[in-house]
$ cat work_19.cif   # mmCIF, C-alpha atoms
data_my_file
loop_
_atom_site.group_PDB
_atom_site.id
_atom_site.type_symbol
_atom_site.label_atom_id
_atom_site.label_comp_id
_atom_site.auth_asym_id
_atom_site.auth_seq_id
_atom_site.Cartn_x
_atom_site.Cartn_y
_atom_site.Cartn_z
ATOM 1 C CA MET E 3 8.713 85.313 14.522
ATOM 2 C CA PRO E 4 7.295 88.828 15.072
ATOM 3 C CA LYS E 5 10.726 90.296 14.317
ATOM 4 C CA LEU E 6 10.934 88.240 11.103
ATOM 5 C CA ASN E 7 7.491 89.524 10.115
ATOM 6 C CA LEU E 8 8.829 93.061 10.481
ATOM 7 C CA ILE E 9 11.965 92.264 8.462
ATOM 8 C CA ASN E 10 9.753 90.903 5.678
ATOM 9 C CA THR E 11 8.012 94.290 5.398
ATOM 10 C CA LEU E 12 11.137 96.458 5.255
ATOM 11 C CA ASP E 13 12.061 98.446 2.190
ATOM 12 C CA ARG E 14 15.448 97.773 0.607
ATOM 13 C CA ALA E 15 17.371 100.390 2.611
ATOM 14 C CA ALA E 16 15.886 99.337 5.947
ATOM 15 C CA PHE E 17 16.459 95.653 5.162
ATOM 16 C CA ILE E 18 20.133 96.387 4.447
ATOM 17 C CA THR E 19 20.374 98.415 7.657
ATOM 18 C CA ALA E 20 18.814 95.569 9.654
ATOM 19 C CA LEU E 21 20.800 92.701 8.126
ATOM 20 C CA GLY E 22 23.823 94.192 6.368
ATOM 21 C CA HIS E 23 26.073 93.440 9.340
ATOM 22 C CA LEU E 24 25.471 89.675 9.161
ATOM 23 C CA PHE E 25 28.257 89.331 6.589
ATOM 24 C CA GLU E 26 31.354 91.276 7.697
ATOM 25 C CA HIS E 27 31.537 94.662 5.917
ATOM 26 C CA SER E 28 29.480 93.167 3.056
ATOM 27 C CA PRO E 29 25.943 94.611 3.036
ATOM 28 C CA TRP E 30 25.661 93.550 -0.615
ATOM 29 C CA VAL E 31 24.585 90.094 0.576
ATOM 30 C CA ALA E 32 21.477 91.517 2.270
ATOM 31 C CA GLU E 33 20.864 93.937 -0.598
ATOM 32 C CA GLN E 34 20.865 91.180 -3.214
ATOM 33 C CA THR E 35 18.674 88.931 -1.039
ATOM 34 C CA TRP E 36 16.020 91.579 -0.296
ATOM 35 C CA PRO E 37 13.905 90.906 -3.430
ATOM 36 C CA GLN E 38 13.257 87.335 -2.255
ATOM 37 C CA ARG E 39 11.075 88.473 0.663
ATOM 38 C CA PRO E 40 8.979 87.319 2.400
ATOM 39 C CA PHE E 41 10.859 84.624 4.293
ATOM 40 C CA ALA E 42 8.867 81.926 6.074
ATOM 41 C CA SER E 43 11.439 81.397 8.814
ATOM 42 C CA ALA E 44 14.826 82.448 10.086
ATOM 43 C CA GLU E 45 16.200 79.313 8.441
ATOM 44 C CA THR E 46 14.842 80.238 5.009
ATOM 45 C CA LEU E 47 16.136 83.794 5.376
ATOM 46 C CA HIS E 48 19.577 82.476 6.335
ATOM 47 C CA ALA E 49 19.535 79.988 3.454
ATOM 48 C CA ALA E 50 18.658 82.754 0.998
ATOM 49 C CA LEU E 51 21.431 85.013 2.310
ATOM 50 C CA CYS E 52 23.946 82.166 2.098
ATOM 51 C CA ALA E 53 22.802 81.273 -1.417
ATOM 52 C CA THR E 54 23.412 84.896 -2.437
ATOM 53 C CA MET E 55 26.939 84.647 -1.057
ATOM 54 C CA GLN E 56 27.586 81.243 -2.652
ATOM 55 C CA VAL E 57 26.547 82.315 -6.170
ATOM 56 C CA ALA E 58 28.476 85.585 -6.065
ATOM 57 C CA PRO E 59 31.491 85.889 -8.338
ATOM 58 C CA VAL E 60 34.694 84.512 -6.795
ATOM 59 C CA GLU E 61 36.168 88.029 -6.586
ATOM 60 C CA ARG E 62 33.215 89.177 -4.486
ATOM 61 C CA GLN E 63 33.484 86.110 -2.257
ATOM 62 C CA LEU E 64 37.184 86.812 -1.765
ATOM 63 C CA ALA E 65 36.429 90.412 -0.854
ATOM 64 C CA LEU E 66 33.958 89.141 1.769
ATOM 65 C CA ILE E 67 36.509 86.682 3.156
ATOM 66 C CA ARG E 68 39.182 89.387 3.227
ATOM 67 C CA ALA E 69 36.805 91.751 5.051
ATOM 68 C CA HIS E 70 37.116 89.531 8.133
ATOM 69 C CA PRO E 71 39.708 90.551 10.702
ATOM 70 C CA ASP E 72 42.559 88.353 11.856
ATOM 71 C CA LEU E 73 41.684 86.466 15.009
ATOM 72 C CA ALA E 74 43.370 88.277 17.903
ATOM 73 C CA GLY E 75 45.052 90.447 15.288
ATOM 74 C CA ARG E 76 46.098 94.065 15.033
ATOM 75 C CA LEU E 77 42.546 95.423 14.768
ATOM 76 C CA ALA E 78 41.538 93.516 17.897
ATOM 77 C CA GLN E 79 44.563 94.833 19.760
ATOM 78 C CA GLN E 80 43.693 98.377 18.673
ATOM 79 C CA LYS E 81 40.013 97.867 19.613
ATOM 80 C CA LYS E 82 38.933 98.595 16.023
ATOM 81 C CA LEU E 83 36.801 95.512 15.331
ATOM 82 C CA THR E 84 33.092 95.704 14.590
ATOM 83 C CA ALA E 85 30.905 95.245 17.662
ATOM 84 C CA GLU E 86 29.982 91.772 16.411
ATOM 85 C CA SER E 87 33.589 90.688 15.870
ATOM 86 C CA THR E 88 34.599 92.068 19.265
ATOM 87 C CA ARG E 89 31.903 90.004 21.025
ATOM 88 C CA GLU E 90 32.641 86.901 18.948
ATOM 89 C CA GLN E 91 36.380 86.965 19.581
ATOM 90 C CA ALA E 92 35.802 87.630 23.295
ATOM 91 C CA SER E 93 33.463 84.626 23.508
ATOM 92 C CA ALA E 94 36.404 82.428 22.458
ATOM 93 C CA GLY E 95 38.714 84.077 24.973
ATOM 94 C CA LEU E 96 40.737 85.851 22.294
ATOM 95 C CA ASP E 97 40.579 89.103 24.230
ATOM 96 C CA GLN E 98 42.469 87.542 27.156
ATOM 97 C CA LEU E 99 45.522 85.944 25.558
ATOM 98 C CA THR E 100 48.900 85.613 27.201
ATOM 99 C CA ASP E 101 51.840 87.145 25.352
ATOM 100 C CA ALA E 102 52.852 83.656 24.181
ATOM 101 C CA GLU E 103 49.335 82.887 22.896
ATOM 102 C CA LEU E 104 49.150 86.234 21.120
ATOM 103 C CA ALA E 105 52.508 85.534 19.466
ATOM 104 C CA GLU E 106 51.242 82.098 18.357
ATOM 105 C CA PHE E 107 48.064 83.587 16.882
ATOM 106 C CA THR E 108 50.085 86.270 15.088
ATOM 107 C CA ARG E 109 52.499 83.692 13.669
ATOM 108 C CA ASN E 110 49.662 81.412 12.545
ATOM 109 C CA ASN E 111 47.663 84.296 11.048
ATOM 110 C CA ASP E 112 50.702 85.482 9.091
ATOM 111 C CA THR E 113 51.562 81.989 7.821
ATOM 112 C CA TYR E 114 47.964 81.349 6.796
ATOM 113 C CA LYS E 115 47.540 84.702 5.028
ATOM 114 C CA THR E 116 50.839 84.266 3.185
ATOM 115 C CA LYS E 117 49.722 80.888 1.861
ATOM 116 C CA PHE E 118 46.083 81.662 1.035
ATOM 117 C CA GLY E 119 45.894 85.423 0.530
ATOM 118 C CA PHE E 120 43.084 85.888 3.030
ATOM 119 C CA PRO E 121 42.612 85.618 6.803
ATOM 120 C CA PHE E 122 41.859 82.385 8.611
ATOM 121 C CA ILE E 123 38.124 82.275 9.321
ATOM 122 C CA ILE E 124 36.412 80.172 11.930
ATOM 123 C CA CYS E 125 33.228 80.778 13.878
ATOM 124 C CA ALA E 126 34.848 81.958 17.114
ATOM 125 C CA ARG E 127 31.600 81.689 19.066
ATOM 126 C CA LEU E 128 31.575 77.934 18.454
ATOM 127 C CA ASN E 129 35.233 77.424 19.428
ATOM 128 C CA ALA E 130 37.618 78.124 22.281
ATOM 129 C CA LYS E 131 41.102 79.512 21.670
ATOM 130 C CA ALA E 132 42.797 76.082 21.851
ATOM 131 C CA ALA E 133 40.369 74.667 19.281
ATOM 132 C CA ILE E 134 40.969 77.668 17.018
ATOM 133 C CA LEU E 135 44.740 77.211 17.177
ATOM 134 C CA ALA E 136 44.331 73.488 16.453
ATOM 135 C CA ALA E 137 42.067 74.260 13.470
ATOM 136 C CA MET E 138 44.593 76.767 12.110
ATOM 137 C CA ALA E 139 47.290 74.086 12.162
ATOM 138 C CA ALA E 140 44.987 71.404 10.751
ATOM 139 C CA ARG E 141 43.751 73.550 7.859
ATOM 140 C CA LEU E 142 47.117 74.986 6.808
ATOM 141 C CA PRO E 143 47.978 71.998 4.546
ATOM 142 C CA ASN E 144 44.682 72.413 2.636
ATOM 143 C CA SER E 145 44.481 73.664 -0.937
ATOM 144 C CA PRO E 146 43.450 77.258 -1.630
ATOM 145 C CA ALA E 147 40.137 76.011 -3.070
ATOM 146 C CA ALA E 148 39.416 73.931 0.029
ATOM 147 C CA GLU E 149 40.185 76.890 2.299
ATOM 148 C CA HIS E 150 38.018 79.211 0.206
ATOM 149 C CA ASP E 151 35.135 76.767 0.705
ATOM 150 C CA ALA E 152 35.952 76.347 4.410
ATOM 151 C CA ALA E 153 35.959 80.120 4.883
ATOM 152 C CA LEU E 154 32.530 80.465 3.246
ATOM 153 C CA ALA E 155 31.164 77.619 5.399
ATOM 154 C CA GLU E 156 32.437 79.345 8.550
ATOM 155 C CA ILE E 157 30.974 82.667 7.369
ATOM 156 C CA GLU E 158 27.593 80.917 7.070
ATOM 157 C CA LYS E 159 27.864 79.834 10.734
ATOM 158 C CA ILE E 160 28.843 83.349 11.800
ATOM 159 C CA ALA E 161 25.929 84.838 9.838
ATOM 160 C CA TRP E 162 23.483 82.363 11.398
ATOM 161 C CA LEU E 163 24.509 83.340 14.922
ATOM 162 C CA ARG E 164 24.399 87.040 14.050
ATOM 163 C CA LEU E 165 20.926 86.578 12.548
ATOM 164 C CA GLN E 166 19.763 84.814 15.730
ATOM 165 C CA ASP E 167 21.058 87.783 17.743
ATOM 166 C CA THR E 168 19.287 90.250 15.439
ATOM 167 C CA LEU E 169 15.970 88.419 15.643
ATOM 168 C CA ALA E 170 16.213 88.189 19.439
ATOM 169 C CA LYS E 171 16.509 91.984 19.871
#

$ encode --input "work_19.cif" --output "structure tokens"
Amino acid sequence: MPKLNLINTLDRAAFITALGHLFEHSPWVAEQTWPQRPFASAETLHAALCATMQVAPVERQLALIRAHPDLAGRLAQQKKLTAESTREQASAGLDQLTDAELAEFTRNNDTYKTKFGFPFIICARLNAKAAILAAMAARLPNSPAAEHDAALAEIEKIAWLRLQDTLAK
């Protein structure tokens, strides 16, 4: 909790610097949550951040979803992911794919993005590559609205784990 106590005292800019990375390339979530300080626990901080994301206009939510990289995609191959995304994808084994697995991920990513207009999002740290591929196939028949909601739910999981990492430093 000492780290949370410090976060509660930060000015707006420092708060954004400390927590802006929790939501991929979307520091606006932390910025809009800052006025709600102080937070009694990591759980209440996370809930406030997620509430900010959930009440944002749909266009802003879509921009957040689209800010996420493809799993095992071009940016990963070029080593251009954020440090967080690099670690998360590696934890699922996505940095050690065979050529056939990489081709399957690429095919699934492309099919998914064509249908929904945004990348497939899953909390990689909570899944192995086989489970991710299975989830891609299982979620493809969903409606765009269902996938939008699923993406936001997965982003909440990702943000929770990133917040835990931040508070542990």

$ closest_residue --input "work_19.cif" --among "E:Asn129, E:Thr54, E:Tyr114, E:Gln80" --to "Pro29 (chain E)" --atoms "all atoms listed in the file"
E:Thr54

$ residues_near_point --input "work_19.cif" --point "(42.8, 77.7, 14.4)" --cutoff "9 Å" --atoms "all atoms listed in the file" --output "VMD selection string"
chain E and resid 73 107 110 to 111 122 to 124 131 to 141

$ residues_around --input "work_19.cif" --residues "Ala74 (chain E)" --least-positions-apart "2" --cutoff "8 Å" --atoms "all atoms listed in the file" --output "JSON, numbers by chain"
{"E": [72, 76, 77, 78, 79, 91, 96, 97, 104, 107, 108]}

$ closest_residue --input "work_19.cif" --among "E:Thr46, E:Asn144, E:Ser87, E:Gln63" --to "Phe118 (chain E)" --atoms "all atoms listed in the file"
E:Asn144

$ resolve_selection --input "work_19.cif" --expression "the PyMOL selection byres ((chain E and resi 125) around 8)" --output "compact mmCIF listing (two decimals) with C-alpha atoms, in the coordinates of the input"
# COMPACT_ATOMS: atom_id res chain seq x y z
CA GLU E 90 32.64 86.90 18.95
CA ILE E 123 38.12 82.28 9.32
CA ILE E 124 36.41 80.17 11.93
CA ALA E 126 34.85 81.96 17.11
CA ARG E 127 31.60 81.69 19.07
CA LEU E 128 31.58 77.93 18.45
CA ASN E 129 35.23 77.42 19.43
CA GLU E 156 32.44 79.34 8.55
CA ILE E 157 30.97 82.67 7.37
CA LYS E 159 27.86 79.83 10.73
CA ILE E 160 28.84 83.35 11.80

$ residues_around --input "work_19.cif" --residues "Trp30 (chain E)" --least-positions-apart "2" --cutoff "12 Å" --atoms "all atoms listed in the file" --output "list of chain:residue names"
E:Arg14, E:Ala15, E:Phe17, E:Ile18, E:Thr19, E:Leu21, E:Gly22, E:His23, E:Leu24, E:Phe25, E:Glu26, E:His27, E:Ser28, E:Ala32, E:Glu33, E:Gln34, E:Thr35, E:Trp36, E:Leu51, E:Cys52, E:Thr54, E:Met55, E:Ala58, E:Arg62, E:Gln63, E:Ala65, E:Leu66

$ resolve_selection --input "work_19.cif" --expression "the PyMOL selection byres ((chain E and resi 166) around 12)" --output "PyMOL selection string"
chain E and resi 3+5-6+21+24+43-45+47-48+159-165+167-171

$ write_last_selection --input "work_19.cif" --atoms "C-alpha atoms" --output "mmCIF file, in the coordinates of the input"
data_model
loop_
_atom_site.group_PDB
_atom_site.id
_atom_site.type_symbol
_atom_site.label_atom_id
_atom_site.label_comp_id
_atom_site.auth_asym_id
_atom_site.auth_seq_id
_atom_site.Cartn_x
_atom_site.Cartn_y
_atom_site.Cartn_z
ATOM 1 C CA MET E 3 8.713 85.313 14.522
ATOM 2 C CA LYS E 5 10.726 90.296 14.317
ATOM 3 C CA LEU E 6 10.934 88.240 11.103
ATOM 4 C CA LEU E 21 20.800 92.701 8.126
ATOM 5 C CA LEU E 24 25.471 89.675 9.161
ATOM 6 C CA SER E 43 11.439 81.397 8.814
ATOM 7 C CA ALA E 44 14.826 82.448 10.086
ATOM 8 C CA GLU E 45 16.200 79.313 8.441
ATOM 9 C CA LEU E 47 16.136 83.794 5.376
ATOM 10 C CA HIS E 48 19.577 82.476 6.335
ATOM 11 C CA LYS E 159 27.864 79.834 10.734
ATOM 12 C CA ILE E 160 28.843 83.349 11.800
ATOM 13 C CA ALA E 161 25.929 84.838 9.838
ATOM 14 C CA TRP E 162 23.483 82.363 11.398
ATOM 15 C CA LEU E 163 24.509 83.340 14.922
ATOM 16 C CA ARG E 164 24.399 87.040 14.050
ATOM 17 C CA LEU E 165 20.926 86.578 12.548
ATOM 18 C CA ASP E 167 21.058 87.783 17.743
ATOM 19 C CA THR E 168 19.287 90.250 15.439
ATOM 20 C CA LEU E 169 15.970 88.419 15.643
ATOM 21 C CA ALA E 170 16.213 88.189 19.439
ATOM 22 C CA LYS E 171 16.509 91.984 19.871
#

$ closest_residue --input "work_19.cif" --among "E:Pro121, E:Phe41, E:Ala130, E:Ala49" --to "Pro71 (chain E)" --atoms "all atoms listed in the file"
E:Pro121

$ axis_aligned_box --input "work_19.cif" --around "region 52-62 of chain E" --padding-each-side "4 Å" --output "lines of an AutoDock Vina configuration file"
center_x = 29.5
center_y = 85.2
center_z = -3.1
size_x = 21.4
size_y = 15.9
size_z = 18.4

$ atom_distance --input "work_19.cif" --atom1 "CA of Leu142 (chain E)" --atom2 "CA of Ala85 (chain E)"
28.1 Å

$ atom_distance --input "work_19.cif" --atom1 "CA of Glu103 (chain E)" --atom2 "CA of Thr116 (chain E)"
19.8 Å

$ atom_distance --input "work_19.cif" --atom1 "CA of Asn10 (chain E)" --atom2 "CA of Pro37 (chain E)"
10.0 Å

$ closest_residue --input "work_19.cif" --among "E:Ala53, E:Leu83, E:Phe120, E:Ala69" --to "Ala155 (chain E)" --atoms "only C-alpha atoms"
E:Ala53

$ closest_residue --input "work_19.cif" --among "E:Ala42, E:Val31, E:Ala148, E:Leu64" --to "Ile9 (chain E)" --atoms "all atoms listed in the file"
E:Ala42
